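**Q** Could you have a look at this structure, given as structure tokens, before my questions?
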Amino acid sequence: MVQQKIASKLRARIRWGVAGIFALIVVMAVIDVPVYANRVIDGINTTIALGLPRVPEKPFSLGLDLQGGTHFEYRALVDNIAENERGSAVDGVRDVIERRVNALGVGETNVQTTKVGEEHRVIVELPGVTDVRQATAMIGETPILEFKEQNTEPPRSLTADEKKQMDEFNRSAKKEADQVIKEARSGKDFAALAKEYSDDAENIKNNGGYLGYIGENTAFGPTMFTWLLSAKPGEVAKALIQTPDGYTIAKRGAERTGDKQAKASHILICYLGAKGCVDTTFTKAEAKKKAEELFVQANAENFAELAKANSADTGSRDKGGDLGAFPRGAMVPSFDAAVFDAKVGQIIGPVESEFGYHIIYKQDEIVPKEFELSRILIRTQSERDIVPPASEWKTTGLSGKQLRRAEVVSDPTTGAVQVSLQFDDEGKELFKTITTRNIGKPVGIFLDGEPISIPTVQQAIPDGQAVISGQFGLKEAKLLSTRLNAGALPVPVELIGQQSLGATLGAESVAKSLKAGIVGVILVMLFMVLFYRLPGAIAVVALVVYILVLLGIFKLVGVTLTLAGIAAFILSIGMAVDANVLIFERTKEELQSGKSLAVAVEEGFSRAWPSIRDSNVSTLISSGVLLGLGSSFVQGYATTLVLGVLVSMFSAITVSRMFLRFVIPWFPTYGNILFPGSQSKLRN
């Protein structure tokens, strides 16, 4: 009786395991080919308006040899740089090049440094780049370090012609929006209309205009949320909704209760060395004392005035310290915990964080409503689109050309980490003029157009020596110093090699690779079924699981597929069934020795495992060496092979074993039916 209960429980576990494997197959198939899953979801949403979210149609990442693109190789000219500084200078060039190619909108770029003999080189791979001249110009420029001051000049007004063009554009947009909302209200497929007409981002258009759940504090404005409150699930708005970016045809989905949010204000007292604190003379002890004094003074009536007069948080200071409503986890941990543990109406503090000491006034707690929203956006133009607002920063003429040296130092009084800047004679005069006219104002330090530090000028600096402090630890200070020196030192790069692969060749490579992979998989499956019959069919199911899971991992992790990687994938297919062959042959031997089918299967797995383990571990070791020492293409091959080996072990040991355990009760007596060639008639 006890044995029957144990057997029944074991059988139930096996059934659940098989069900789990089929669920895994479905999930991975949806991830691998989401376009078919979305067709089903769209059909359901159209029929019964459940508002099911669509699956993101993320494509596989293709490397240079599949997608086409350009490969550059540069030599860094570092002869004028001290030997011990050449490595860091070239690393700085690499980082700047990465920012530049990312600005081109190039995905899956590969920028790396290498040393060939005594030469320092930078290798750049740009998949999908068509404008090679632009890429060459951007990569070849020397990193630029600039000092900028705030720009207070107002933007110009529109000309009469510009205003006329804007009005004509908006009239045309209104006409198109009226037509689209009419079609949407008539029952036409909303997702199809979004793909055809919407001016939204491509990922939103391709997702049928679906934006997810929208709360009250949304960028679409109060009109949108007011409509969502009154609309029903699946309803399309009767009238166009004016949003900041144009006319919106809105469709409401499901409703849910959002996460609890706290509404609070705060007063921040920062100190030298605190994160983001640039405009203070307080030490940490002085800042804490000041915060304690304010805490004693603060009440609901005077909190806003105290914040305006004392807070170091420039983002909320002018609003009386008001932070608005925010969910748990939106703030740094110490602040977050203090706010959500406090009662409504309570003032607490001082609360210490990496930014300094906070006095916090918890004003309210809310549980917001959220609604699913899909939209079709017809963009309009505003004056800002034609005449963008003036840049926040303007050049001063002081750049890396005048910077002699940047180095990490420490404040002799507080011990805080700082970065010291030393200019040449021309830079001294410029810096003196700039700091004189910007006392109490920020001066931005930009590397290749990106701000790396924005200190506030405390006093005029006549000797050409400045200090950046209060924003970083030792690691960040060293990195900043390296980047400043890389921008200041003459580190030009010389193009010594370029290879281009056209998109046509890339498409041809993809087609041939896919064809080879499909043929290889079919041949392996036929061999397994013809030679091993039912166990072979089980191995085929395990192989399907292997392929779906591995492709899903490629997409989720973001593995870049190259021709070498696809070759490794095809090779790993053979390795995936190799484990099954070992297990099946070992099971045959156990059957021939007279063991029962159930025992033979378990013994086959346990005795084949050492061989499977050792062969796969040896492959993983060699792949690890390729990952550590190989070039980018070799590393892609090795990455694919490592993932393939790991997933193949799962498919052979877990999936095949589970299915064999499931079918064993179907053949209690004749093991040679399940395993042809064992030639034994067995008793249960």
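Ordering of the structure tokens sets the chain letters (A, B, ...); residue numbers start at 1 within each chain; ligands are numbered from 1 in the order shown.
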Using DSSP on the backbone coordinates, identify all residues within stretch 30-265 of chain A classified as alpha helix (DSSP H); present the result as a count of residues only.

**A** 97

**Q** Using only C-alpha atoms, determine which residues lie at most 10 Å from A:Lys290, disregarding the query and same-chain residues fewer than 3 positions distant; provide the list as a list in words.

**A**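 Surrounding residues, per the criterion: Ile269, Cys270, Phe282, Lys284, Ala285, Glu286, Ala287, Glu293, Leu294, Phe295, Asn310, Pro350 and Tyr357 of chain A.
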
**Q** Report the distance between atom CA of A:Val40 and atom CA of A:Pro53 in Å, rounded to one decimal place.

**A**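 Straight-line distance from atom CA of A:Val40 to atom CA of A:Pro53 works out to 11.3 Å.
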
**Q** Could you pull the residues within 6 Å of A:Ile123, counting only C-alpha atoms, minus those fewer than 2 positions along the same chain, as number ranges by chain?

**A** A: 72-73, 111-112

**Q** With distances taken over only C-alpha atoms, which of A:Gln402, A:Ser316, A:Ser382, A:Ser648 is nearest to A:Ile267?

**A**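 Residue with the minimum atom-to-atom distance to A:Ile267: A:Ser316.
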
**Q** Contacts of A:Pro154 at 10 Å or less, counting only C-alpha atoms, minus same-chain residues fewer than 4 places along, as an mmCIF file with C-alpha atoms, in the first residue's frame?

**A**
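selection-v8.cif, freshly written:
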data_model
loop_
_atom_site.group_PDB
_atom_site.id
_atom_site.type_symbol
_atom_site.label_atom_id
_atom_site.label_comp_id
_atom_site.auth_asym_id
_atom_site.auth_seq_id
_atom_site.Cartn_x
_atom_site.Cartn_y
_atom_site.Cartn_z
ATOM 1 C CA PRO A 389 15.037 76.740 -27.244
ATOM 2 C CA ALA A 390 18.483 78.246 -26.915
ATOM 3 C CA SER A 391 21.127 75.845 -25.656
#
